file input.cif (mmCIF, C-alpha atoms)
data_query
loop_
_atom_site.group_PDB
_atom_site.id
_atom_site.type_symbol
_atom_site.label_atom_id
_atom_site.label_comp_id
_atom_site.auth_asym_id
_atom_site.auth_seq_id
_atom_site.Cartn_x
_atom_site.Cartn_y
_atom_site.Cartn_z
ATOM 1 C CA MET A 981 15.465 2.811 -13.810
ATOM 2 C CA THR A 982 14.612 -0.819 -14.264
ATOM 3 C CA ASN A 983 14.933 -2.148 -17.782
ATOM 4 C CA THR A 984 12.050 -4.404 -18.688
ATOM 5 C CA LYS A 985 14.235 -5.846 -21.404
ATOM 6 C CA GLY A 986 16.867 -8.346 -20.364
ATOM 7 C CA MET A 987 15.306 -9.399 -17.033
ATOM 8 C CA THR A 988 14.493 -13.004 -16.162
ATOM 9 C CA MET A 989 10.753 -13.311 -15.714
ATOM 10 C CA PRO A 990 9.167 -15.396 -12.903
ATOM 11 C CA GLN A 991 7.024 -18.436 -13.538
ATOM 12 C CA PHE A 992 3.284 -17.844 -13.921
ATOM 13 C CA ASP A 993 0.363 -20.028 -14.855
ATOM 14 C CA ASP A 994 0.065 -19.076 -18.522
ATOM 15 C CA ALA A 995 -3.219 -20.951 -18.833
ATOM 16 C CA GLU A 996 -4.824 -18.207 -16.744
ATOM 17 C CA LEU A 997 -3.761 -15.560 -19.255
ATOM 18 C CA PHE A 998 -4.315 -17.128 -22.654
ATOM 19 C CA GLY A 999 -7.273 -18.938 -24.113
ATOM 20 C CA ASN A 1000 -5.365 -21.059 -26.618
ATOM 21 C CA ALA A 1001 -1.923 -22.504 -27.310
ATOM 22 C CA GLU A 1002 -1.307 -20.198 -30.282
ATOM 23 C CA ASP A 1003 -1.706 -17.058 -28.183
ATOM 24 C CA GLN A 1004 0.509 -18.519 -25.486
ATOM 25 C CA ARG A 1005 3.270 -19.348 -27.995
ATOM 26 C CA ALA A 1006 3.083 -15.823 -29.430
ATOM 27 C CA TYR A 1007 3.431 -14.395 -25.929
ATOM 28 C CA GLU A 1008 6.423 -16.608 -25.152
ATOM 29 C CA ASP A 1009 8.081 -15.511 -28.398
ATOM 30 C CA PHE A 1010 7.400 -11.876 -27.481
ATOM 31 C CA CYS A 1011 9.070 -12.288 -24.076
ATOM 32 C CA ALA A 1012 12.032 -14.093 -25.634
ATOM 33 C CA ASN A 1013 12.546 -11.259 -28.100
ATOM 34 C CA GLN A 1014 12.393 -8.665 -25.322
ATOM 35 C CA GLU A 1015 14.899 -10.514 -23.151
ATOM 36 C CA ALA A 1016 17.292 -10.989 -26.068
ATOM 37 C CA VAL A 1017 18.139 -7.276 -26.143
ATOM 38 C CA GLU A 1018 21.374 -6.856 -24.189
ATOM 39 C CA LYS A 1019 21.506 -3.082 -24.149
ATOM 40 C CA PHE A 1020 18.510 -0.858 -23.955
ATOM 41 C CA THR A 1021 18.073 2.921 -23.901
ATOM 42 C CA LEU A 1022 14.689 4.568 -23.920
ATOM 43 C CA ASP A 1023 13.871 6.756 -26.891
ATOM 44 C CA LYS A 1024 11.502 9.718 -26.630
ATOM 45 C CA PRO A 1025 8.716 8.861 -24.146
ATOM 46 C CA ALA A 1026 5.310 8.457 -25.747
ATOM 47 C CA LEU A 1027 3.426 7.461 -22.608
ATOM 48 C CA VAL A 1028 4.171 7.901 -18.898
ATOM 49 C CA CYS A 1029 1.972 6.305 -16.228
ATOM 50 C CA ARG A 1030 2.334 7.136 -12.526
ATOM 51 C CA TRP A 1031 0.580 4.706 -10.197
ATOM 52 C CA ARG A 1032 0.487 5.029 -6.407
ATOM 53 C CA MET A 1033 1.844 2.113 -4.429
ATOM 54 C CA SER A 1034 1.173 0.613 -1.018
ATOM 55 C CA ASN A 1035 3.487 -1.834 0.727
ATOM 56 C CA LYS A 1036 5.389 -2.670 -2.484
ATOM 57 C CA LYS A 1037 2.204 -3.252 -4.460
ATOM 58 C CA VAL A 1038 -0.036 -1.257 -6.789
ATOM 59 C CA PRO A 1039 -3.467 -1.808 -5.189
ATOM 60 C CA MET A 1040 -5.426 -0.897 -8.314
ATOM 61 C CA LEU A 1041 -3.117 -2.584 -10.795
ATOM 62 C CA ASN A 1042 -5.922 -4.385 -12.636
ATOM 63 C CA ARG A 1043 -7.810 -1.111 -13.078
ATOM 64 C CA HIS A 1044 -4.648 0.600 -14.305
ATOM 65 C CA ILE A 1045 -3.900 -2.193 -16.769
ATOM 66 C CA ARG A 1046 -7.442 -2.012 -18.154
ATOM 67 C CA ALA A 1047 -7.017 1.727 -18.694
ATOM 68 C CA LEU A 1048 -3.566 1.096 -20.189
ATOM 69 C CA SER A 1049 -5.188 -1.225 -22.726
ATOM 70 C CA GLU A 1050 -7.203 1.772 -23.990
ATOM 71 C CA ARG A 1051 -4.205 4.062 -24.304
ATOM 72 C CA LEU A 1052 -2.422 4.721 -27.580
ATOM 73 C CA VAL A 1053 1.277 4.942 -28.418
ATOM 74 C CA GLN A 1054 1.992 6.618 -31.731
ATOM 75 C CA GLY A 1055 -1.707 6.239 -32.538
ATOM 76 C CA GLU A 1056 -1.716 2.486 -31.963
ATOM 77 C CA PRO A 1057 -3.012 0.448 -29.004
ATOM 78 C CA LEU A 1058 -0.587 -1.654 -26.989
ATOM 79 C CA THR A 1059 -0.496 -5.328 -27.890
ATOM 80 C CA HIS A 1060 -2.024 -7.986 -25.667
ATOM 81 C CA ASN A 1061 1.467 -9.417 -25.195
ATOM 82 C CA MET A 1062 2.842 -6.082 -23.982
ATOM 83 C CA LEU A 1063 -0.041 -5.623 -21.533
ATOM 84 C CA SER A 1064 0.323 -9.122 -20.080
ATOM 85 C CA TRP A 1065 4.081 -8.761 -19.852
ATOM 86 C CA ALA A 1066 3.842 -5.339 -18.209
ATOM 87 C CA LYS A 1067 1.402 -6.596 -15.572
ATOM 88 C CA GLN A 1068 3.562 -9.582 -14.683
ATOM 89 C CA HIS A 1069 6.723 -7.502 -14.629
ATOM 90 C CA VAL A 1070 5.187 -4.908 -12.307
ATOM 91 C CA GLU A 1071 3.901 -7.541 -9.880
ATOM 92 C CA TRP A 1072 7.206 -9.402 -9.769
ATOM 93 C CA SER A 1073 9.567 -6.430 -9.752
ATOM 94 C CA LEU A 1074 7.758 -4.630 -6.943
ATOM 95 C CA ALA A 1075 7.628 -7.738 -4.785
ATOM 96 C CA GLU A 1076 11.280 -8.673 -5.342
ATOM 97 C CA GLY A 1077 12.847 -5.263 -5.874
ATOM 98 C CA ASP A 1078 15.355 -3.688 -3.506
ATOM 99 C CA TYR A 1079 14.064 -0.179 -2.836
ATOM 100 C CA THR A 1080 12.908 1.931 0.109
ATOM 101 C CA ALA A 1081 9.802 3.627 -1.318
ATOM 102 C CA ARG A 1082 7.365 0.893 -0.255
ATOM 103 C CA ASP A 1083 4.463 3.347 -0.413
ATOM 104 C CA GLY A 1084 5.823 5.418 -3.269
ATOM 105 C CA VAL A 1085 4.934 5.833 -6.924
ATOM 106 C CA LEU A 1086 5.559 3.416 -9.767
ATOM 107 C CA MET A 1087 6.385 5.145 -13.048
ATOM 108 C CA LEU A 1088 5.937 3.109 -16.229
ATOM 109 C CA VAL A 1089 7.424 4.689 -19.362
ATOM 110 C CA ILE A 1090 6.770 3.493 -22.907
ATOM 111 C CA ASP A 1091 8.789 5.136 -25.657
ATOM 112 C CA ILE A 1092 7.897 5.874 -29.278
ATOM 113 C CA ASN A 1093 9.286 2.499 -30.326
ATOM 114 C CA GLY A 1094 7.097 0.549 -27.901
ATOM 115 C CA ASN A 1095 9.926 -0.187 -25.443
ATOM 116 C CA ALA A 1096 9.033 -0.038 -21.744
ATOM 117 C CA ALA A 1097 10.917 0.751 -18.549
ATOM 118 C CA MET A 1098 9.916 1.113 -14.917
ATOM 119 C CA THR A 1099 11.154 3.029 -11.905
ATOM 120 C CA VAL A 1100 9.968 3.541 -8.324
ATOM 121 C CA GLY A 1101 10.224 6.792 -6.403
ATOM 122 C CA GLU A 1102 9.031 8.438 -3.214
ATOM 123 C CA TYR A 1103 5.519 9.863 -3.186
ATOM 124 C CA GLU A 1104 5.306 13.642 -2.972
ATOM 125 C CA PRO A 1105 1.875 15.121 -2.216
ATOM 126 C CA LEU A 1106 0.706 18.143 -4.167
ATOM 127 C CA ALA A 1107 1.992 21.397 -2.734
ATOM 128 C CA ASP A 1108 -0.930 23.445 -4.073
ATOM 129 C CA THR A 1109 -4.443 22.028 -3.916
ATOM 130 C CA SER A 1110 -6.378 25.189 -4.667
ATOM 131 C CA ALA A 1111 -9.134 24.977 -7.260
ATOM 132 C CA LYS A 1112 -6.947 26.944 -9.681
ATOM 133 C CA ALA A 1113 -4.065 24.493 -9.305
ATOM 134 C CA LEU A 1114 -6.305 21.463 -9.718
ATOM 135 C CA ARG A 1115 -7.844 22.949 -12.846
ATOM 136 C CA ALA A 1116 -4.356 23.522 -14.275
ATOM 137 C CA ARG A 1117 -3.363 19.906 -13.626
ATOM 138 C CA SER A 1118 -6.528 18.588 -15.236
ATOM 139 C CA ALA A 1119 -5.930 20.771 -18.302
ATOM 140 C CA GLU A 1120 -2.447 19.288 -18.694
ATOM 141 C CA ALA A 1121 -3.852 15.768 -18.324
ATOM 142 C CA ARG A 1122 -6.514 16.569 -20.922
ATOM 143 C CA SER A 1123 -3.778 17.475 -23.388
ATOM 144 C CA GLU A 1124 -2.189 14.089 -22.730
ATOM 145 C CA ALA A 1125 -5.520 12.369 -23.332
ATOM 146 C CA ASP A 1126 -5.767 14.039 -26.724
ATOM 147 C CA GLU A 1127 -2.672 12.040 -27.728
ATOM 148 C CA THR A 1128 -3.003 8.825 -25.726
ATOM 149 C CA GLY A 1129 -6.767 8.426 -25.316
ATOM 150 C CA VAL A 1130 -6.929 8.398 -21.503
ATOM 151 C CA ALA A 1131 -6.379 11.234 -19.023
ATOM 152 C CA PRO A 1132 -4.341 10.194 -15.958
ATOM 153 C CA GLU A 1133 -6.056 12.910 -13.922
ATOM 154 C CA LEU A 1134 -9.601 14.257 -14.094
ATOM 155 C CA LEU A 1135 -11.353 17.223 -12.594
ATOM 156 C CA ALA A 1136 -14.615 16.280 -10.894
ATOM 157 C CA ALA A 1137 -17.217 17.772 -8.569
ATOM 158 C CA VAL A 1138 -20.167 16.793 -6.427
ATOM 159 C CA ASN A 1139 -23.119 19.165 -6.632
ATOM 160 C CA ASN A 1140 -26.488 18.535 -4.987
ATOM 161 C CA GLY A 1141 -25.532 14.902 -4.497
ATOM 162 C CA GLU A 1142 -24.539 14.298 -8.132
ATOM 163 C CA LEU A 1143 -21.023 13.421 -9.313
ATOM 164 C CA ALA A 1144 -19.677 14.885 -12.556
ATOM 165 C CA PHE A 1145 -16.376 14.196 -14.329
ATOM 166 C CA VAL A 1146 -14.823 16.450 -16.956
ATOM 167 C CA ALA A 1147 -14.405 13.854 -19.702
ATOM 168 C CA PRO A 1148 -15.904 12.998 -23.085
ATOM 169 C CA ALA A 1149 -18.841 10.618 -22.870
ATOM 170 C CA ASP A 1150 -17.044 7.875 -24.788
ATOM 171 C CA GLU A 1151 -13.616 8.164 -23.145
ATOM 172 C CA CYS A 1152 -12.199 5.393 -20.983
ATOM 173 C CA LEU A 1153 -11.603 6.644 -17.446
ATOM 174 C CA CYS A 1154 -8.272 6.245 -15.677
ATOM 175 C CA GLY A 1155 -7.987 3.537 -13.030
ATOM 176 C CA THR A 1156 -8.687 5.753 -10.023
ATOM 177 C CA ALA A 1157 -11.684 7.360 -11.707
ATOM 178 C CA THR A 1158 -13.257 3.935 -12.295
ATOM 179 C CA LEU A 1159 -12.991 3.303 -8.552
ATOM 180 C CA ILE A 1160 -14.690 6.612 -7.716
ATOM 181 C CA GLU A 1161 -17.409 5.867 -10.257
ATOM 182 C CA GLN A 1162 -17.990 2.473 -8.635
ATOM 183 C CA LEU A 1163 -18.081 3.974 -5.124
ATOM 184 C CA ALA A 1164 -20.708 6.456 -6.318
ATOM 185 C CA GLN A 1165 -22.807 3.649 -7.745
ATOM 186 C CA THR A 1166 -22.746 1.790 -4.415
ATOM 187 C CA LYS A 1167 -24.306 4.859 -2.802
ATOM 188 C CA GLY A 1168 -26.809 5.450 -5.578
ATOM 189 C CA ILE A 1169 -25.074 8.709 -6.533
ATOM 190 C CA PRO A 1170 -25.842 9.771 -10.125
ATOM 191 C CA VAL A 1171 -22.731 10.038 -12.325
ATOM 192 C CA THR A 1172 -22.508 12.316 -15.339
ATOM 193 C CA ARG A 1173 -19.822 13.820 -17.556
ATOM 194 C CA VAL A 1174 -19.372 17.390 -18.703
ATOM 195 C CA ASP A 1175 -17.297 18.851 -21.517
ATOM 196 C CA ILE A 1176 -15.465 21.693 -19.805
ATOM 197 C CA PRO A 1177 -14.421 22.543 -16.216
ATOM 198 C CA ALA A 1178 -16.576 25.687 -16.225
ATOM 199 C CA GLN A 1179 -19.642 23.434 -16.140
ATOM 200 C CA LEU A 1180 -18.660 22.003 -12.763
ATOM 201 C CA LYS A 1181 -20.329 23.277 -9.619
ATOM 202 C CA GLY A 1182 -20.195 22.288 -5.968
ATOM 203 C CA ALA A 1183 -17.355 20.457 -4.198
ATOM 204 C CA LEU A 1184 -14.432 20.388 -6.645
ATOM 205 C CA PHE A 1185 -11.749 17.678 -6.514
ATOM 206 C CA LEU A 1186 -9.052 16.034 -8.605
ATOM 207 C CA VAL A 1187 -9.081 12.315 -9.379
ATOM 208 C CA SER A 1188 -5.541 11.101 -10.024
ATOM 209 C CA ASP A 1189 -3.768 7.783 -10.550
ATOM 210 C CA GLU A 1190 -0.825 9.256 -8.642
ATOM 211 C CA HIS A 1191 -2.527 11.317 -5.943
ATOM 212 C CA GLY A 1192 -5.899 9.652 -5.489
ATOM 213 C CA VAL A 1193 -8.732 11.964 -4.466
ATOM 214 C CA VAL A 1194 -7.602 15.555 -3.875
ATOM 215 C CA PRO A 1195 -10.320 17.972 -2.695
ATOM 216 C CA ALA A 1196 -9.878 21.656 -3.521
ATOM 217 C CA THR A 1197 -8.936 23.567 -0.385
ATOM 218 C CA ASP A 1198 -10.995 26.603 -1.358
ATOM 219 C CA GLY A 1199 -14.587 27.093 -2.467
ATOM 220 C CA ASP A 1200 -17.990 27.295 -0.825
ATOM 221 C CA ALA A 1201 -19.457 23.845 -1.430
ATOM 222 C CA ALA A 1202 -22.345 22.562 0.642
ATOM 223 C CA ASP A 1203 -21.341 20.420 3.604
ATOM 224 C CA SER A 1204 -23.215 17.423 2.213
ATOM 225 C CA ASP A 1205 -21.348 17.597 -1.099
ATOM 226 C CA ALA A 1206 -18.001 18.002 0.675
ATOM 227 C CA ALA A 1207 -18.903 14.961 2.781
ATOM 228 C CA THR A 1208 -19.466 12.937 -0.398
ATOM 229 C CA VAL A 1209 -16.012 13.886 -1.670
ATOM 230 C CA ALA A 1210 -14.606 12.848 1.714
ATOM 231 C CA PHE A 1211 -16.396 9.500 1.282
ATOM 232 C CA PHE A 1212 -14.631 9.004 -2.049
ATOM 233 C CA ALA A 1213 -11.259 9.926 -0.531
ATOM 234 C CA ASP A 1214 -11.828 7.544 2.387
ATOM 235 C CA GLY A 1215 -12.811 4.712 0.052
ATOM 236 C CA TYR A 1216 -9.649 5.239 -1.988
ATOM 237 C CA GLU A 1217 -7.433 5.251 1.102
ATOM 238 C CA LYS A 1218 -9.075 2.134 2.526
ATOM 239 C CA LEU A 1219 -8.346 0.278 -0.697
ATOM 240 C CA ARG A 1220 -4.769 1.521 -0.716
ATOM 241 C CA ALA A 1221 -4.270 0.476 2.915
ATOM 242 C CA ARG A 1222 -5.188 -3.160 2.290
ATOM 243 C CA ARG A 1223 -2.218 -5.464 2.855
#
call {"tool": "encode", "arguments": {"input": "input.cif", "output": "structure tokens"}}
result
Amino acid sequence: MTNTKGMTMPQFDDAELFGNAEDQRAYEDFCANQEAVEKFTLDKPALVCRWRMSNKKVPMLNRHIRALSERLVQGEPLTHNMLSWAKQHVEWSLAEGDYTARDGVLMLVIDINGNAAMTVGEYEPLADTSAKALRARSAEARSEADETGVAPELLAAVNNGELAFVAPADECLCGTATLIEQLAQTKGIPVTRVDIPAQLKGALFLVSDEHGVVPATDGDAADSDAATVAFFADGYEKLRARR
């Protein structure tokens, strides 16, 4: 596991990140305090993010960071300094790191004290992609959202040409879900939200920051709705394949 405390950070154009000198000084102080800790051990994890990689990058990093800014740790949002630092650390560490999982998964862990650590591992596709299994995963992610404010995986479906997510109307969507929502908008596909999985009909699929778009392997969805889900999956993979 890579310790985000005690690592020398690369040089970035701070003017692009901060609107005034006071904010920049506060950020520099924050980084100095983090790097001053010689020994670091994670406490109980409060938040775990798993983001799919491609060629030693996280293609949707900006989307993930925006969703991260809406997440809560111990009931409190992450500071602007932590978010900026995390983004820079991810970009630099992945580019410079010595590891073999170039197309693996980045795991960012933030503990109950607000300390962060990062590790990279091989990607393992889901072994079971039945509707039952996808519903179980989405239920687990919903429990996480109850604590952190954002679900890392969502159950969704396309029915009669309309996309529906299982998510509260006012909840921030995870990074991958924002991409699927945008792809739907480019095709003029209506997007709605429902409260419970039982309200979903049509072509069922999971939207995941780790696994992307995962269609259910069973069900009797119309060909046109299944084709729309395939369009979402293809759009996700095309973005991930960009070098």
call {"tool": "resolve_selection", "arguments": {"input": "input.cif", "expression": "the PyMOL selection byres ((chain A and resi 1084-1090) around 9)", "output": "MDAnalysis selection string"}}
result
chainID A and resid 1022:1036 1038 1053 1066 1070 1074 1080:1083 1091:1104 1190
call {"tool": "resolve_selection", "arguments": {"input": "input.cif", "expression": "the PyMOL selection byres ((chain A and resi 1191-1205) around 9)", "output": "PDB file with C-alpha atoms, in the frame of the given file"}}
result
ATOM      1  CA  TRP A1031       0.580   4.706 -10.197  1.00  0.00           C
ATOM      2  CA  ARG A1032       0.487   5.029  -6.407  1.00  0.00           C
ATOM      3  CA  TYR A1103       5.519   9.863  -3.186  1.00  0.00           C
ATOM      4  CA  GLU A1104       5.306  13.642  -2.972  1.00  0.00           C
ATOM      5  CA  PRO A1105       1.875  15.121  -2.216  1.00  0.00           C
ATOM      6  CA  LEU A1106       0.706  18.143  -4.167  1.00  0.00           C
ATOM      7  CA  ASP A1108      -0.930  23.445  -4.073  1.00  0.00           C
ATOM      8  CA  THR A1109      -4.443  22.028  -3.916  1.00  0.00           C
ATOM      9  CA  SER A1110      -6.378  25.189  -4.667  1.00  0.00           C
ATOM     10  CA  ALA A1111      -9.134  24.977  -7.260  1.00  0.00           C
ATOM     11  CA  LYS A1112      -6.947  26.944  -9.681  1.00  0.00           C
ATOM     12  CA  ALA A1113      -4.065  24.493  -9.305  1.00  0.00           C
ATOM     13  CA  LEU A1114      -6.305  21.463  -9.718  1.00  0.00           C
ATOM     14  CA  GLU A1133      -6.056  12.910 -13.922  1.00  0.00           C
ATOM     15  CA  ALA A1137     -17.217  17.772  -8.569  1.00  0.00           C
ATOM     16  CA  VAL A1138     -20.167  16.793  -6.427  1.00  0.00           C
ATOM     17  CA  ASN A1139     -23.119  19.165  -6.632  1.00  0.00           C
ATOM     18  CA  ASN A1140     -26.488  18.535  -4.987  1.00  0.00           C
ATOM     19  CA  GLY A1141     -25.532  14.902  -4.497  1.00  0.00           C
ATOM     20  CA  GLU A1142     -24.539  14.298  -8.132  1.00  0.00           C
ATOM     21  CA  THR A1156      -8.687   5.753 -10.023  1.00  0.00           C
ATOM     22  CA  ALA A1157     -11.684   7.360 -11.707  1.00  0.00           C
ATOM     23  CA  ILE A1160     -14.690   6.612  -7.716  1.00  0.00           C
ATOM     24  CA  LYS A1181     -20.329  23.277  -9.619  1.00  0.00           C
ATOM     25  CA  GLY A1182     -20.195  22.288  -5.968  1.00  0.00           C
ATOM     26  CA  ALA A1183     -17.355  20.457  -4.198  1.00  0.00           C
ATOM     27  CA  LEU A1184     -14.432  20.388  -6.645  1.00  0.00           C
ATOM     28  CA  PHE A1185     -11.749  17.678  -6.514  1.00  0.00           C
ATOM     29  CA  LEU A1186      -9.052  16.034  -8.605  1.00  0.00           C
ATOM     30  CA  VAL A1187      -9.081  12.315  -9.379  1.00  0.00           C
ATOM     31  CA  SER A1188      -5.541  11.101 -10.024  1.00  0.00           C
ATOM     32  CA  ASP A1189      -3.768   7.783 -10.550  1.00  0.00           C
ATOM     33  CA  GLU A1190      -0.825   9.256  -8.642  1.00  0.00           C
ATOM     34  CA  ALA A1206     -18.001  18.002   0.675  1.00  0.00           C
ATOM     35  CA  ALA A1207     -18.903  14.961   2.781  1.00  0.00           C
ATOM     36  CA  THR A1208     -19.466  12.937  -0.398  1.00  0.00           C
ATOM     37  CA  VAL A1209     -16.012  13.886  -1.670  1.00  0.00           C
ATOM     38  CA  ALA A1210     -14.606  12.848   1.714  1.00  0.00           C
ATOM     39  CA  PHE A1212     -14.631   9.004  -2.049  1.00  0.00           C
ATOM     40  CA  ALA A1213     -11.259   9.926  -0.531  1.00  0.00           C
ATOM     41  CA  ASP A1214     -11.828   7.544   2.387  1.00  0.00           C
ATOM     42  CA  TYR A1216      -9.649   5.239  -1.988  1.00  0.00           C
ATOM     43  CA  GLU A1217      -7.433   5.251   1.102  1.00  0.00           C
TER      44      GLU A1217
END
call {"tool": "resolve_selection", "arguments": {"input": "input.cif", "expression": "the PyMOL selection byres ((chain A and resi 1148) around 12)", "output": "PyMOL selection string"}}
result
chain A and resi 1122+1125-1126+1129-1131+1134+1144-1147+1149-1153+1172-1177
call {"tool": "atom_distance", "arguments": {"input": "input.cif", "atom1": "CA of Ala1107 (chain A)", "atom2": "CA of Leu1048 (chain A)"}}
result
27.3 Å
call {"tool": "atom_distance", "arguments": {"input": "input.cif", "atom1": "CA of Glu1127 (chain A)", "atom2": "CA of Asn1061 (chain A)"}}
result
22.0 Å
call {"tool": "atom_distance", "arguments": {"input": "input.cif", "atom1": "CA of Gly1155 (chain A)", "atom2": "CA of Gly1215 (chain A)"}}
result
14.0 Å
call {"tool": "closest_residue", "arguments": {"input": "input.cif", "among": "A:Ala1119, A:Leu1063, A:Leu1180, A:Leu1143", "to": "Leu1163 (chain A)", "atoms": "all atoms listed in the file"}}
result
A:Leu1143
call {"tool": "closest_residue", "arguments": {"input": "input.cif", "among": "A:His1044, A:Gln1165, A:His1069, A:Ala1178", "to": "Arg1115 (chain A)", "atoms": "only C-alpha atoms"}}
result
A:Ala1178
call {"tool": "build_atoms", "arguments": {"input": "input.cif", "residues": "region 1036-1043 of chain A", "atoms": "all heavy atoms", "output": "short mmCIF file (atom, residue, chain, number, x, y, z; two decimals), in the coordinates of the input"}}
result
data_model
loop_
_atom_site.label_atom_id
_atom_site.label_comp_id
_atom_site.auth_asym_id
_atom_site.auth_seq_id
_atom_site.Cartn_x
_atom_site.Cartn_y
_atom_site.Cartn_z
N LYS A 1036 4.72 -2.02 -1.34
CA LYS A 1036 5.39 -2.67 -2.48
C LYS A 1036 4.40 -3.31 -3.46
O LYS A 1036 4.74 -4.25 -4.16
CB LYS A 1036 6.40 -3.70 -2.00
CG LYS A 1036 7.51 -3.13 -1.12
CD LYS A 1036 8.54 -4.17 -0.73
CE LYS A 1036 9.43 -4.53 -1.91
NZ LYS A 1036 10.55 -5.41 -1.50
N LYS A 1037 3.20 -2.79 -3.50
CA LYS A 1037 2.20 -3.25 -4.46
C LYS A 1037 1.50 -2.04 -5.07
O LYS A 1037 1.54 -0.94 -4.53
CB LYS A 1037 1.16 -4.16 -3.78
CG LYS A 1037 1.73 -5.45 -3.21
CD LYS A 1037 0.62 -6.26 -2.56
CE LYS A 1037 1.16 -7.54 -1.96
NZ LYS A 1037 0.08 -8.32 -1.28
N VAL A 1038 0.84 -2.27 -6.20
CA VAL A 1038 -0.04 -1.26 -6.79
C VAL A 1038 -1.46 -1.77 -6.58
O VAL A 1038 -1.91 -2.67 -7.27
CB VAL A 1038 0.25 -1.05 -8.29
CG1 VAL A 1038 -0.73 -0.05 -8.89
CG2 VAL A 1038 1.68 -0.57 -8.50
N PRO A 1039 -2.16 -1.24 -5.56
CA PRO A 1039 -3.47 -1.81 -5.19
C PRO A 1039 -4.48 -1.87 -6.32
O PRO A 1039 -5.30 -2.78 -6.35
CB PRO A 1039 -3.94 -0.86 -4.07
CG PRO A 1039 -2.70 -0.28 -3.51
CD PRO A 1039 -1.77 -0.14 -4.68
N MET A 1040 -4.45 -0.92 -7.22
CA MET A 1040 -5.43 -0.90 -8.31
C MET A 1040 -4.80 -1.30 -9.64
O MET A 1040 -5.19 -0.80 -10.70
CB MET A 1040 -6.05 0.50 -8.41
CG MET A 1040 -6.90 0.86 -7.21
SD MET A 1040 -7.89 2.35 -7.48
CE MET A 1040 -6.59 3.56 -7.68
N LEU A 1041 -3.85 -2.22 -9.59
CA LEU A 1041 -3.12 -2.58 -10.80
C LEU A 1041 -4.04 -3.06 -11.91
O LEU A 1041 -3.87 -2.68 -13.08
CB LEU A 1041 -2.08 -3.67 -10.48
CG LEU A 1041 -1.21 -4.11 -11.66
CD1 LEU A 1041 -0.45 -2.93 -12.26
CD2 LEU A 1041 -0.24 -5.21 -11.23
N ASN A 1042 -5.02 -3.88 -11.58
CA ASN A 1042 -5.92 -4.38 -12.64
C ASN A 1042 -6.69 -3.24 -13.30
O ASN A 1042 -6.89 -3.24 -14.53
CB ASN A 1042 -6.89 -5.41 -12.06
CG ASN A 1042 -6.22 -6.74 -11.75
OD1 ASN A 1042 -5.19 -7.06 -12.32
ND2 ASN A 1042 -6.80 -7.50 -10.84
N ARG A 1043 -7.12 -2.27 -12.51
CA ARG A 1043 -7.81 -1.11 -13.08
C ARG A 1043 -6.86 -0.31 -13.98
O ARG A 1043 -7.25 0.15 -15.06
CB ARG A 1043 -8.35 -0.21 -11.96
CG ARG A 1043 -9.49 -0.82 -11.15
CD ARG A 1043 -9.94 0.13 -10.06
NE ARG A 1043 -10.96 -0.44 -9.21
CZ ARG A 1043 -12.27 -0.37 -9.44
NH1 ARG A 1043 -12.70 0.29 -10.49
NH2 ARG A 1043 -13.13 -0.93 -8.61
#
